[in-house]
Amino acid sequence: AYLADGWLVLASGDAERKIVPAGDVPITFGGAARYYIRNALGAMALCSVLGVADEALAAGLVAFSGDADVNPGRGNLFEREGIKIFVDFAHNEHGVKAVNDTLRAFNAGRYIVLFGQAGDRKDEEIAGLVRAVCELGPSHLLVCDLPGYERGRESGAVSKLIAEFAADEGVPKNAVSMFISPVEGVEQALREARDGDCLLLLALTQRDEVLAMIRSFVAGDVEGLE
């Protein structure tokens, strides 16, 4: 299974079968999410070996939206008045870089990123995460503690370390804000969002609360965000 000329293709020997255009698979966001294309190709190959018909493969891929109702916290895209909100559980350097590749295709005027990290990660792993986030060129970093995930570190220690690593990457001090939880950080992100912005919310905890807030925001309920 491979990608060729924008199509997801299955091959057996010299015979090629075009299954579906990559851009027609909702979770690829028009073909921008290369990591989801790789996942789709793997699923196609496995299902084909199991005898699933090509037509069924195409129908299944086109039907899988990957939205917050189907796959909460994994590549969930919301939109409101020119604002794109992307929620994902990416929690390491590799994962964030993959998400970055997708978000660059949005050509946002500003990228605002919320993230944190658990306390049991090594300092160099946290530094790698920060580097990856900074590669997106965010105008504002919203750094949040993850209550209950301190895992051997003092409360707030990871956020402080993230801020230090962000400074090492050249992020101005006034472009970094600290929050005691993802929910508080998301509130601020929604409050400052404007037409043309893309919010990347790497909310590793409080998923249900975060998604509920975003749904309310998208529905036009901005009470408490003014």
# chains A, B, ... in the order shown; residues from 1 in each chain; ligands from 1
call {"tool": "residues_around", "arguments": {"residues": "A:Leu211", "least_positions_apart": "4", "cutoff": "8 Å", "atoms": "only C-alpha atoms", "output": "PyMOL selection string"}}
result
chain A and resi 68+207+215
call {"tool": "write_last_selection", "arguments": {"atoms": "C-alpha atoms", "output": "PDB file, in the first residue's frame"}}
result
ATOM      1  CA  ALA A  68     -14.272  14.349  18.637  1.00  0.00           C
ATOM      2  CA  ARG A 207     -10.097  15.982  27.853  1.00  0.00           C
ATOM      3  CA  ARG A 215     -18.012  22.834  21.589  1.00  0.00           C
TER       4      ARG A 215
END
call {"tool": "select_by_dssp", "arguments": {"residues": "stretch 9-130 of chain A", "states": "strand (DSSP E)", "output": "PyMOL selection string"}}
result
chain A and resi 9-12+15-21+76-80+83-87+110-115
call {"tool": "write_last_selection", "arguments": {"atoms": "N, CA and C atoms", "output": "mmCIF file, in the first residue's frame"}}
result
data_model
loop_
_atom_site.group_PDB
_atom_site.id
_atom_site.type_symbol
_atom_site.label_atom_id
_atom_site.label_comp_id
_atom_site.auth_asym_id
_atom_site.auth_seq_id
_atom_site.Cartn_x
_atom_site.Cartn_y
_atom_site.Cartn_z
ATOM 1 N N VAL A 9 -3.160 3.658 -2.779
ATOM 2 C CA VAL A 9 -3.072 2.584 -3.769
ATOM 3 C C VAL A 9 -2.703 1.267 -3.103
ATOM 4 N N LEU A 10 -3.312 0.198 -3.565
ATOM 5 C CA LEU A 10 -2.924 -1.158 -3.194
ATOM 6 C C LEU A 10 -2.301 -1.818 -4.412
ATOM 7 N N ALA A 11 -1.275 -2.603 -4.187
ATOM 8 C CA ALA A 11 -0.614 -3.286 -5.294
ATOM 9 C C ALA A 11 -0.369 -4.738 -4.930
ATOM 10 N N SER A 12 -0.514 -5.589 -5.931
ATOM 11 C CA SER A 12 -0.197 -7.009 -5.794
ATOM 12 C C SER A 12 0.538 -7.413 -7.055
ATOM 13 N N ALA A 15 0.059 -5.426 -10.486
ATOM 14 C CA ALA A 15 -1.297 -4.874 -10.543
ATOM 15 C C ALA A 15 -1.496 -3.816 -9.463
ATOM 16 N N GLU A 16 -1.921 -2.628 -9.867
ATOM 17 C CA GLU A 16 -2.207 -1.536 -8.943
ATOM 18 C C GLU A 16 -3.705 -1.260 -8.922
ATOM 19 N N ARG A 17 -4.204 -0.976 -7.722
ATOM 20 C CA ARG A 17 -5.618 -0.615 -7.584
ATOM 21 C C ARG A 17 -5.714 0.678 -6.796
ATOM 22 N N LYS A 18 -6.235 1.700 -7.448
ATOM 23 C CA LYS A 18 -6.463 2.965 -6.760
ATOM 24 C C LYS A 18 -7.719 2.831 -5.905
ATOM 25 N N ILE A 19 -7.562 3.053 -4.604
ATOM 26 C CA ILE A 19 -8.685 2.853 -3.680
ATOM 27 C C ILE A 19 -9.487 4.131 -3.482
ATOM 28 N N VAL A 20 -8.815 5.209 -3.131
ATOM 29 C CA VAL A 20 -9.523 6.463 -2.856
ATOM 30 C C VAL A 20 -8.504 7.609 -2.869
ATOM 31 N N PRO A 21 -8.894 8.801 -3.326
ATOM 32 C CA PRO A 21 -7.991 9.951 -3.207
ATOM 33 C C PRO A 21 -7.721 10.263 -1.735
ATOM 34 N N ASN A 76 -8.669 16.314 16.390
ATOM 35 C CA ASN A 76 -10.025 16.873 16.301
ATOM 36 C C ASN A 76 -9.953 18.337 15.865
ATOM 37 N N LEU A 77 -10.596 18.648 14.753
ATOM 38 C CA LEU A 77 -10.579 20.009 14.224
ATOM 39 C C LEU A 77 -11.944 20.662 14.395
ATOM 40 N N PHE A 78 -11.934 21.839 14.993
ATOM 41 C CA PHE A 78 -13.137 22.648 15.166
ATOM 42 C C PHE A 78 -12.908 23.990 14.471
ATOM 43 N N GLU A 79 -13.995 24.619 14.026
ATOM 44 C CA GLU A 79 -13.869 25.923 13.373
ATOM 45 C C GLU A 79 -15.000 26.845 13.800
ATOM 46 N N ARG A 80 -14.658 28.110 13.939
ATOM 47 C CA ARG A 80 -15.656 29.141 14.258
ATOM 48 C C ARG A 80 -15.149 30.492 13.787
ATOM 49 N N ILE A 83 -11.600 30.870 12.851
ATOM 50 C CA ILE A 83 -10.667 30.331 13.847
ATOM 51 C C ILE A 83 -10.654 28.808 13.734
ATOM 52 N N LYS A 84 -9.477 28.241 13.612
ATOM 53 C CA LYS A 84 -9.335 26.791 13.610
ATOM 54 C C LYS A 84 -8.787 26.346 14.966
ATOM 55 N N ILE A 85 -9.386 25.298 15.518
ATOM 56 C CA ILE A 85 -8.968 24.768 16.820
ATOM 57 C C ILE A 85 -8.650 23.294 16.628
ATOM 58 N N PHE A 86 -7.401 22.930 16.859
ATOM 59 C CA PHE A 86 -6.942 21.563 16.633
ATOM 60 C C PHE A 86 -6.549 20.958 17.976
ATOM 61 N N VAL A 87 -7.236 19.889 18.351
ATOM 62 C CA VAL A 87 -6.989 19.230 19.641
ATOM 63 C C VAL A 87 -6.317 17.890 19.384
ATOM 64 N N ARG A 110 -1.840 33.432 12.893
ATOM 65 C CA ARG A 110 -1.125 33.217 14.156
ATOM 66 C C ARG A 110 -1.374 31.778 14.604
ATOM 67 N N TYR A 111 -0.362 31.215 15.222
ATOM 68 C CA TYR A 111 -0.508 29.918 15.883
ATOM 69 C C TYR A 111 -0.367 30.136 17.386
ATOM 70 N N ILE A 112 -1.349 29.673 18.121
ATOM 71 C CA ILE A 112 -1.340 29.757 19.581
ATOM 72 C C ILE A 112 -1.348 28.327 20.101
ATOM 73 N N VAL A 113 -0.386 27.990 20.942
ATOM 74 C CA VAL A 113 -0.206 26.597 21.349
ATOM 75 C C VAL A 113 -0.325 26.449 22.854
ATOM 76 N N LEU A 114 -1.159 25.511 23.268
ATOM 77 C CA LEU A 114 -1.258 25.122 24.676
ATOM 78 C C LEU A 114 -0.647 23.738 24.842
ATOM 79 N N PHE A 115 0.211 23.583 25.840
ATOM 80 C CA PHE A 115 0.777 22.257 26.103
ATOM 81 C C PHE A 115 1.366 22.192 27.504
#
call {"tool": "residues_around", "arguments": {"residues": "A:Phe165", "least_positions_apart": "5", "cutoff": "9 Å", "atoms": "only C-alpha atoms", "output": "count of residues only"}}
result
7
call {"tool": "residues_around", "arguments": {"residues": "stretch 54-57 of chain A", "least_positions_apart": "4", "cutoff": "8 Å", "atoms": "only C-alpha atoms", "output": "list in words"}}
result
Ile19, Met44, Cys47, Ser48 and Leu61 of chain A
call {"tool": "residues_around", "arguments": {"residues": "A:Arg153", "least_positions_apart": "5", "cutoff": "8 Å", "atoms": "only C-alpha atoms", "output": "ChimeraX atom specification"}}
result
/A:119-120,158
call {"tool": "residues_around", "arguments": {"residues": "stretch 140-144 of chain A", "least_positions_apart": "2", "cutoff": "6 Å", "atoms": "only C-alpha atoms", "output": "PDB file with N, CA and C atoms, in the first residue's frame"}}
result
ATOM      1  N   ILE A 112      -1.349  29.673  18.121  1.00  0.00           N
ATOM      2  CA  ILE A 112      -1.340  29.757  19.581  1.00  0.00           C
ATOM      3  C   ILE A 112      -1.348  28.327  20.101  1.00  0.00           C
ATOM      4  N   VAL A 113      -0.386  27.990  20.942  1.00  0.00           N
ATOM      5  CA  VAL A 113      -0.206  26.597  21.349  1.00  0.00           C
ATOM      6  C   VAL A 113      -0.325  26.449  22.854  1.00  0.00           C
ATOM      7  N   LEU A 114      -1.159  25.511  23.268  1.00  0.00           N
ATOM      8  CA  LEU A 114      -1.258  25.122  24.676  1.00  0.00           C
ATOM      9  C   LEU A 114      -0.647  23.738  24.842  1.00  0.00           C
ATOM     10  N   PHE A 115       0.211  23.583  25.840  1.00  0.00           N
ATOM     11  CA  PHE A 115       0.777  22.257  26.103  1.00  0.00           C
ATOM     12  C   PHE A 115       1.366  22.192  27.504  1.00  0.00           C
ATOM     13  N   GLY A 116       1.611  20.978  27.940  1.00  0.00           N
ATOM     14  CA  GLY A 116       2.271  20.695  29.206  1.00  0.00           C
ATOM     15  C   GLY A 116       2.948  19.341  29.066  1.00  0.00           C
ATOM     16  N   PRO A 138       4.883  29.776  17.103  1.00  0.00           N
ATOM     17  CA  PRO A 138       3.699  30.286  17.813  1.00  0.00           C
ATOM     18  C   PRO A 138       3.891  31.719  18.288  1.00  0.00           C
ATOM     19  N   ALA A 175       5.686  36.220  25.682  1.00  0.00           N
ATOM     20  CA  ALA A 175       4.902  35.354  24.793  1.00  0.00           C
ATOM     21  C   ALA A 175       4.625  34.000  25.432  1.00  0.00           C
ATOM     22  N   VAL A 176       4.968  33.874  26.712  1.00  0.00           N
ATOM     23  CA  VAL A 176       4.747  32.625  27.448  1.00  0.00           C
ATOM     24  C   VAL A 176       3.863  32.917  28.651  1.00  0.00           C
ATOM     25  N   SER A 177       2.778  32.177  28.774  1.00  0.00           N
ATOM     26  CA  SER A 177       1.880  32.315  29.926  1.00  0.00           C
ATOM     27  C   SER A 177       1.742  30.972  30.617  1.00  0.00           C
ATOM     28  N   MET A 178       1.597  31.008  31.933  1.00  0.00           N
ATOM     29  CA  MET A 178       1.535  29.784  32.734  1.00  0.00           C
ATOM     30  C   MET A 178       0.143  29.623  33.331  1.00  0.00           C
ATOM     31  N   PHE A 179      -0.324  28.370  33.360  1.00  0.00           N
ATOM     32  CA  PHE A 179      -1.651  28.065  33.886  1.00  0.00           C
ATOM     33  C   PHE A 179      -1.585  26.823  34.762  1.00  0.00           C
ATOM     34  N   ILE A 180      -2.514  26.736  35.708  1.00  0.00           N
ATOM     35  CA  ILE A 180      -2.471  25.630  36.661  1.00  0.00           C
ATOM     36  C   ILE A 180      -3.144  24.373  36.128  1.00  0.00           C
ATOM     37  N   SER A 181      -3.795  24.475  34.963  1.00  0.00           N
ATOM     38  CA  SER A 181      -4.458  23.305  34.395  1.00  0.00           C
ATOM     39  C   SER A 181      -4.744  23.552  32.920  1.00  0.00           C
ATOM     40  N   PRO A 182      -4.958  22.487  32.133  1.00  0.00           N
ATOM     41  CA  PRO A 182      -5.334  22.675  30.731  1.00  0.00           C
ATOM     42  C   PRO A 182      -6.603  23.498  30.565  1.00  0.00           C
TER      43      PRO A 182
END
call {"tool": "atom_distance", "arguments": {"atom1": "atom CA of A:Ile27", "atom2": "atom CA of A:Gly220"}}
result
24.8 Å
call {"tool": "atom_distance", "arguments": {"atom1": "atom CA of A:Leu200", "atom2": "atom CA of A:Pro172"}}
result
18.9 Å
call {"tool": "closest_residue", "arguments": {"among": "A:Val186, A:Arg194, A:Thr205, A:Val133", "to": "A:Gly148", "atoms": "only C-alpha atoms"}}
result
A:Thr205
call {"tool": "select_by_dssp", "arguments": {"residues": "stretch 99-192 of chain A", "states": "helix (DSSP H, G or I)", "output": "ChimeraX atom specification"}}
result
/A:99-104,123-135,157-168,173-175,182-192
call {"tool": "write_last_selection", "arguments": {"atoms": "N, CA and C atoms", "output": "short mmCIF file (atom, residue, chain, number, x, y, z; two decimals), in the first residue's frame"}}
result
data_model
loop_
_atom_site.label_atom_id
_atom_site.label_comp_id
_atom_site.auth_asym_id
_atom_site.auth_seq_id
_atom_site.Cartn_x
_atom_site.Cartn_y
_atom_site.Cartn_z
N VAL A 99 2.16 16.77 13.77
CA VAL A 99 1.01 17.69 13.81
C VAL A 99 1.37 19.02 13.16
N ASN A 100 2.59 19.50 13.39
CA ASN A 100 3.02 20.76 12.78
C ASN A 100 2.89 20.72 11.26
N ASP A 101 3.30 19.60 10.67
CA ASP A 101 3.23 19.48 9.21
C ASP A 101 1.80 19.66 8.71
N THR A 102 0.85 19.17 9.49
CA THR A 102 -0.56 19.32 9.12
C THR A 102 -1.01 20.77 9.28
N LEU A 103 -0.67 21.38 10.40
CA LEU A 103 -1.16 22.72 10.69
C LEU A 103 -0.56 23.79 9.77
N ARG A 104 0.64 23.56 9.28
CA ARG A 104 1.23 24.54 8.36
C ARG A 104 0.38 24.69 7.10
N ASP A 123 14.46 15.53 31.25
CA ASP A 123 14.59 16.94 30.86
C ASP A 123 14.82 17.07 29.36
N GLU A 124 15.66 16.18 28.79
CA GLU A 124 15.95 16.29 27.36
C GLU A 124 14.73 15.97 26.50
N GLU A 125 13.84 15.12 27.02
CA GLU A 125 12.60 14.84 26.30
C GLU A 125 11.67 16.06 26.32
N ILE A 126 11.63 16.72 27.45
CA ILE A 126 10.82 17.94 27.55
C ILE A 126 11.40 19.02 26.64
N ALA A 127 12.73 19.11 26.60
CA ALA A 127 13.38 20.09 25.72
C ALA A 127 13.04 19.81 24.26
N GLY A 128 13.01 18.53 23.88
CA GLY A 128 12.66 18.17 22.51
C GLY A 128 11.23 18.54 22.18
N LEU A 129 10.34 18.33 23.14
CA LEU A 129 8.94 18.73 22.95
C LEU A 129 8.83 20.23 22.71
N VAL A 130 9.54 21.00 23.52
CA VAL A 130 9.50 22.46 23.39
C VAL A 130 10.06 22.89 22.03
N ARG A 131 11.16 22.28 21.61
CA ARG A 131 11.73 22.62 20.30
C ARG A 131 10.72 22.39 19.19
N ALA A 132 10.04 21.25 19.26
CA ALA A 132 9.06 20.93 18.22
C ALA A 132 7.92 21.95 18.22
N VAL A 133 7.43 22.31 19.39
CA VAL A 133 6.36 23.31 19.47
C VAL A 133 6.83 24.64 18.88
N CYS A 134 8.05 25.03 19.20
CA CYS A 134 8.56 26.32 18.74
C CYS A 134 8.79 26.34 17.23
N GLU A 135 8.98 25.19 16.62
CA GLU A 135 9.17 25.13 15.17
C GLU A 135 7.93 25.61 14.41
N ALA A 157 6.86 22.51 38.51
CA ALA A 157 8.26 22.38 38.10
C ALA A 157 8.40 22.14 36.60
N VAL A 158 7.53 21.32 36.04
CA VAL A 158 7.63 21.04 34.60
C VAL A 158 7.31 22.28 33.79
N SER A 159 6.29 23.01 34.19
CA SER A 159 5.94 24.24 33.47
C SER A 159 7.09 25.25 33.51
N LYS A 160 7.73 25.36 34.66
CA LYS A 160 8.88 26.26 34.77
C LYS A 160 10.00 25.82 33.84
N LEU A 161 10.23 24.52 33.76
CA LEU A 161 11.27 23.99 32.88
C LEU A 161 10.92 24.26 31.42
N ILE A 162 9.65 24.08 31.07
CA ILE A 162 9.21 24.37 29.70
C ILE A 162 9.47 25.83 29.35
N ALA A 163 9.15 26.73 30.27
CA ALA A 163 9.38 28.15 30.03
C ALA A 163 10.86 28.45 29.82
N GLU A 164 11.72 27.77 30.57
CA GLU A 164 13.16 27.97 30.41
C GLU A 164 13.63 27.48 29.05
N PHE A 165 13.13 26.32 28.64
CA PHE A 165 13.52 25.79 27.33
C PHE A 165 12.97 26.67 26.21
N ALA A 166 11.79 27.23 26.39
CA ALA A 166 11.23 28.14 25.39
C ALA A 166 12.10 29.38 25.24
N ALA A 167 12.60 29.89 26.35
CA ALA A 167 13.51 31.03 26.31
C ALA A 167 14.78 30.67 25.54
N ASP A 168 15.27 29.45 25.74
CA ASP A 168 16.44 28.99 25.00
C ASP A 168 16.19 28.96 23.50
N LYS A 173 9.83 36.33 26.73
CA LYS A 173 9.19 36.01 28.00
C LYS A 173 7.72 36.40 28.00
N ASN A 174 7.39 37.52 27.35
CA ASN A 174 6.00 37.98 27.35
C ASN A 174 5.10 37.19 26.39
N ALA A 175 5.69 36.22 25.68
CA ALA A 175 4.90 35.35 24.79
C ALA A 175 4.63 34.00 25.43
N PRO A 182 -4.96 22.49 32.13
CA PRO A 182 -5.33 22.68 30.73
C PRO A 182 -6.60 23.50 30.57
N VAL A 183 -7.59 23.29 31.43
CA VAL A 183 -8.85 24.02 31.30
C VAL A 183 -8.62 25.53 31.37
N GLU A 184 -7.81 25.98 32.33
CA GLU A 184 -7.55 27.42 32.44
C GLU A 184 -6.81 27.93 31.21
N GLY A 185 -5.88 27.14 30.71
CA GLY A 185 -5.15 27.55 29.51
C GLY A 185 -6.04 27.63 28.29
N VAL A 186 -6.93 26.66 28.14
CA VAL A 186 -7.86 26.67 27.00
C VAL A 186 -8.79 27.87 27.07
N GLU A 187 -9.24 28.22 28.26
CA GLU A 187 -10.07 29.42 28.41
C GLU A 187 -9.37 30.64 27.84
N GLN A 188 -8.09 30.77 28.15
CA GLN A 188 -7.34 31.92 27.64
C GLN A 188 -7.16 31.84 26.13
N ALA A 189 -6.88 30.65 25.62
CA ALA A 189 -6.70 30.49 24.18
C ALA A 189 -7.96 30.91 23.43
N LEU A 190 -9.11 30.47 23.91
CA LEU A 190 -10.37 30.83 23.27
C LEU A 190 -10.66 32.32 23.41
N ARG A 191 -10.27 32.86 24.53
CA ARG A 191 -10.53 34.28 24.80
C ARG A 191 -9.77 35.17 23.80
N GLU A 192 -8.55 34.80 23.47
CA GLU A 192 -7.74 35.67 22.62
C GLU A 192 -7.79 35.30 21.14
#
call {"tool": "atom_distance", "arguments": {"atom1": "atom CA of A:Gly60", "atom2": "atom CA of A:Asp5"}}
result
20.8 Å
call {"tool": "closest_residue", "arguments": {"among": "A:Leu136, A:Leu202, A:Ala63, A:Ala90", "to": "A:Gly109", "atoms": "only C-alpha atoms"}}
result
A:Leu136
call {"tool": "decode", "arguments": {"residues": "stretch 131-161 of chain A", "atoms": "N, CA and C atoms", "output": "PDB file, in the first residue's frame"}}
result
ATOM      1  N   ARG A 131      11.157  22.280  21.610  1.00  0.00           N
ATOM      2  CA  ARG A 131      11.733  22.618  20.303  1.00  0.00           C
ATOM      3  C   ARG A 131      10.720  22.393  19.191  1.00  0.00           C
ATOM      4  N   ALA A 132      10.044  21.253  19.260  1.00  0.00           N
ATOM      5  CA  ALA A 132       9.057  20.933  18.224  1.00  0.00           C
ATOM      6  C   ALA A 132       7.922  21.949  18.215  1.00  0.00           C
ATOM      7  N   VAL A 133       7.431  22.311  19.386  1.00  0.00           N
ATOM      8  CA  VAL A 133       6.363  23.312  19.470  1.00  0.00           C
ATOM      9  C   VAL A 133       6.832  24.639  18.879  1.00  0.00           C
ATOM     10  N   CYS A 134       8.046  25.026  19.199  1.00  0.00           N
ATOM     11  CA  CYS A 134       8.558  26.318  18.735  1.00  0.00           C
ATOM     12  C   CYS A 134       8.792  26.342  17.227  1.00  0.00           C
ATOM     13  N   GLU A 135       8.983  25.185  16.616  1.00  0.00           N
ATOM     14  CA  GLU A 135       9.165  25.127  15.165  1.00  0.00           C
ATOM     15  C   GLU A 135       7.930  25.614  14.414  1.00  0.00           C
ATOM     16  N   LEU A 136       6.781  25.580  15.056  1.00  0.00           N
ATOM     17  CA  LEU A 136       5.551  26.062  14.429  1.00  0.00           C
ATOM     18  C   LEU A 136       5.501  27.592  14.390  1.00  0.00           C
ATOM     19  N   GLY A 137       6.380  28.230  15.152  1.00  0.00           N
ATOM     20  CA  GLY A 137       6.403  29.690  15.201  1.00  0.00           C
ATOM     21  C   GLY A 137       5.223  30.296  15.926  1.00  0.00           C
ATOM     22  N   PRO A 138       4.883  29.776  17.103  1.00  0.00           N
ATOM     23  CA  PRO A 138       3.699  30.286  17.813  1.00  0.00           C
ATOM     24  C   PRO A 138       3.891  31.719  18.288  1.00  0.00           C
ATOM     25  N   SER A 139       2.794  32.471  18.251  1.00  0.00           N
ATOM     26  CA  SER A 139       2.835  33.836  18.773  1.00  0.00           C
ATOM     27  C   SER A 139       2.642  33.858  20.280  1.00  0.00           C
ATOM     28  N   HIS A 140       2.061  32.794  20.811  1.00  0.00           N
ATOM     29  CA  HIS A 140       1.805  32.718  22.250  1.00  0.00           C
ATOM     30  C   HIS A 140       1.872  31.258  22.678  1.00  0.00           C
ATOM     31  N   LEU A 141       2.653  30.982  23.705  1.00  0.00           N
ATOM     32  CA  LEU A 141       2.719  29.651  24.312  1.00  0.00           C
ATOM     33  C   LEU A 141       1.936  29.674  25.618  1.00  0.00           C
ATOM     34  N   LEU A 142       0.974  28.796  25.736  1.00  0.00           N
ATOM     35  CA  LEU A 142       0.196  28.655  26.959  1.00  0.00           C
ATOM     36  C   LEU A 142       0.649  27.362  27.623  1.00  0.00           C
ATOM     37  N   VAL A 143       1.440  27.493  28.655  1.00  0.00           N
ATOM     38  CA  VAL A 143       2.044  26.338  29.318  1.00  0.00           C
ATOM     39  C   VAL A 143       1.204  25.971  30.529  1.00  0.00           C
ATOM     40  N   CYS A 144       0.744  24.728  30.571  1.00  0.00           N
ATOM     41  CA  CYS A 144      -0.162  24.342  31.656  1.00  0.00           C
ATOM     42  C   CYS A 144       0.413  23.199  32.487  1.00  0.00           C
ATOM     43  N   ASP A 145       0.188  23.294  33.786  1.00  0.00           N
ATOM     44  CA  ASP A 145       0.470  22.162  34.665  1.00  0.00           C
ATOM     45  C   ASP A 145      -0.525  21.044  34.360  1.00  0.00           C
ATOM     46  N   LEU A 146      -0.143  19.827  34.712  1.00  0.00           N
ATOM     47  CA  LEU A 146      -1.032  18.670  34.576  1.00  0.00           C
ATOM     48  C   LEU A 146      -1.266  18.096  35.968  1.00  0.00           C
ATOM     49  N   PRO A 147      -2.252  18.620  36.694  1.00  0.00           N
ATOM     50  CA  PRO A 147      -2.496  18.155  38.064  1.00  0.00           C
ATOM     51  C   PRO A 147      -2.675  16.642  38.121  1.00  0.00           C
ATOM     52  N   GLY A 148      -1.944  16.025  39.055  1.00  0.00           N
ATOM     53  CA  GLY A 148      -2.006  14.574  39.186  1.00  0.00           C
ATOM     54  C   GLY A 148      -0.955  13.843  38.380  1.00  0.00           C
ATOM     55  N   TYR A 149      -0.235  14.575  37.527  1.00  0.00           N
ATOM     56  CA  TYR A 149       0.792  13.958  36.683  1.00  0.00           C
ATOM     57  C   TYR A 149       2.181  14.525  36.995  1.00  0.00           C
ATOM     58  N   GLU A 150       2.358  15.015  38.225  1.00  0.00           N
ATOM     59  CA  GLU A 150       3.670  15.540  38.612  1.00  0.00           C
ATOM     60  C   GLU A 150       4.720  14.429  38.630  1.00  0.00           C
ATOM     61  N   ARG A 151       4.326  13.257  39.060  1.00  0.00           N
ATOM     62  CA  ARG A 151       5.149  12.041  38.999  1.00  0.00           C
ATOM     63  C   ARG A 151       6.583  12.257  39.467  1.00  0.00           C
ATOM     64  N   GLY A 152       6.701  12.730  40.692  1.00  0.00           N
ATOM     65  CA  GLY A 152       8.013  12.869  41.300  1.00  0.00           C
ATOM     66  C   GLY A 152       8.579  14.275  41.280  1.00  0.00           C
ATOM     67  N   ARG A 153       7.965  15.180  40.575  1.00  0.00           N
ATOM     68  CA  ARG A 153       8.432  16.569  40.552  1.00  0.00           C
ATOM     69  C   ARG A 153       7.482  17.443  41.371  1.00  0.00           C
ATOM     70  N   GLU A 154       7.983  18.579  41.790  1.00  0.00           N
ATOM     71  CA  GLU A 154       7.147  19.534  42.509  1.00  0.00           C
ATOM     72  C   GLU A 154       6.089  20.110  41.573  1.00  0.00           C
ATOM     73  N   SER A 155       4.954  20.489  42.130  1.00  0.00           N
ATOM     74  CA  SER A 155       3.906  21.119  41.336  1.00  0.00           C
ATOM     75  C   SER A 155       4.455  22.376  40.662  1.00  0.00           C
ATOM     76  N   GLY A 156       4.239  22.501  39.377  1.00  0.00           N
ATOM     77  CA  GLY A 156       4.712  23.659  38.628  1.00  0.00           C
ATOM     78  C   GLY A 156       6.121  23.536  38.096  1.00  0.00           C
ATOM     79  N   ALA A 157       6.856  22.505  38.508  1.00  0.00           N
ATOM     80  CA  ALA A 157       8.259  22.379  38.101  1.00  0.00           C
ATOM     81  C   ALA A 157       8.400  22.142  36.601  1.00  0.00           C
ATOM     82  N   VAL A 158       7.530  21.321  36.037  1.00  0.00           N
ATOM     83  CA  VAL A 158       7.627  21.035  34.603  1.00  0.00           C
ATOM     84  C   VAL A 158       7.309  22.284  33.788  1.00  0.00           C
ATOM     85  N   SER A 159       6.291  23.013  34.187  1.00  0.00           N
ATOM     86  CA  SER A 159       5.942  24.242  33.469  1.00  0.00           C
ATOM     87  C   SER A 159       7.090  25.248  33.512  1.00  0.00           C
ATOM     88  N   LYS A 160       7.730  25.356  34.656  1.00  0.00           N
ATOM     89  CA  LYS A 160       8.877  26.259  34.775  1.00  0.00           C
ATOM     90  C   LYS A 160       9.996  25.822  33.839  1.00  0.00           C
ATOM     91  N   LEU A 161      10.226  24.517  33.762  1.00  0.00           N
ATOM     92  CA  LEU A 161      11.266  23.987  32.881  1.00  0.00           C
ATOM     93  C   LEU A 161      10.916  24.260  31.416  1.00  0.00           C
TER      94      LEU A 161
END
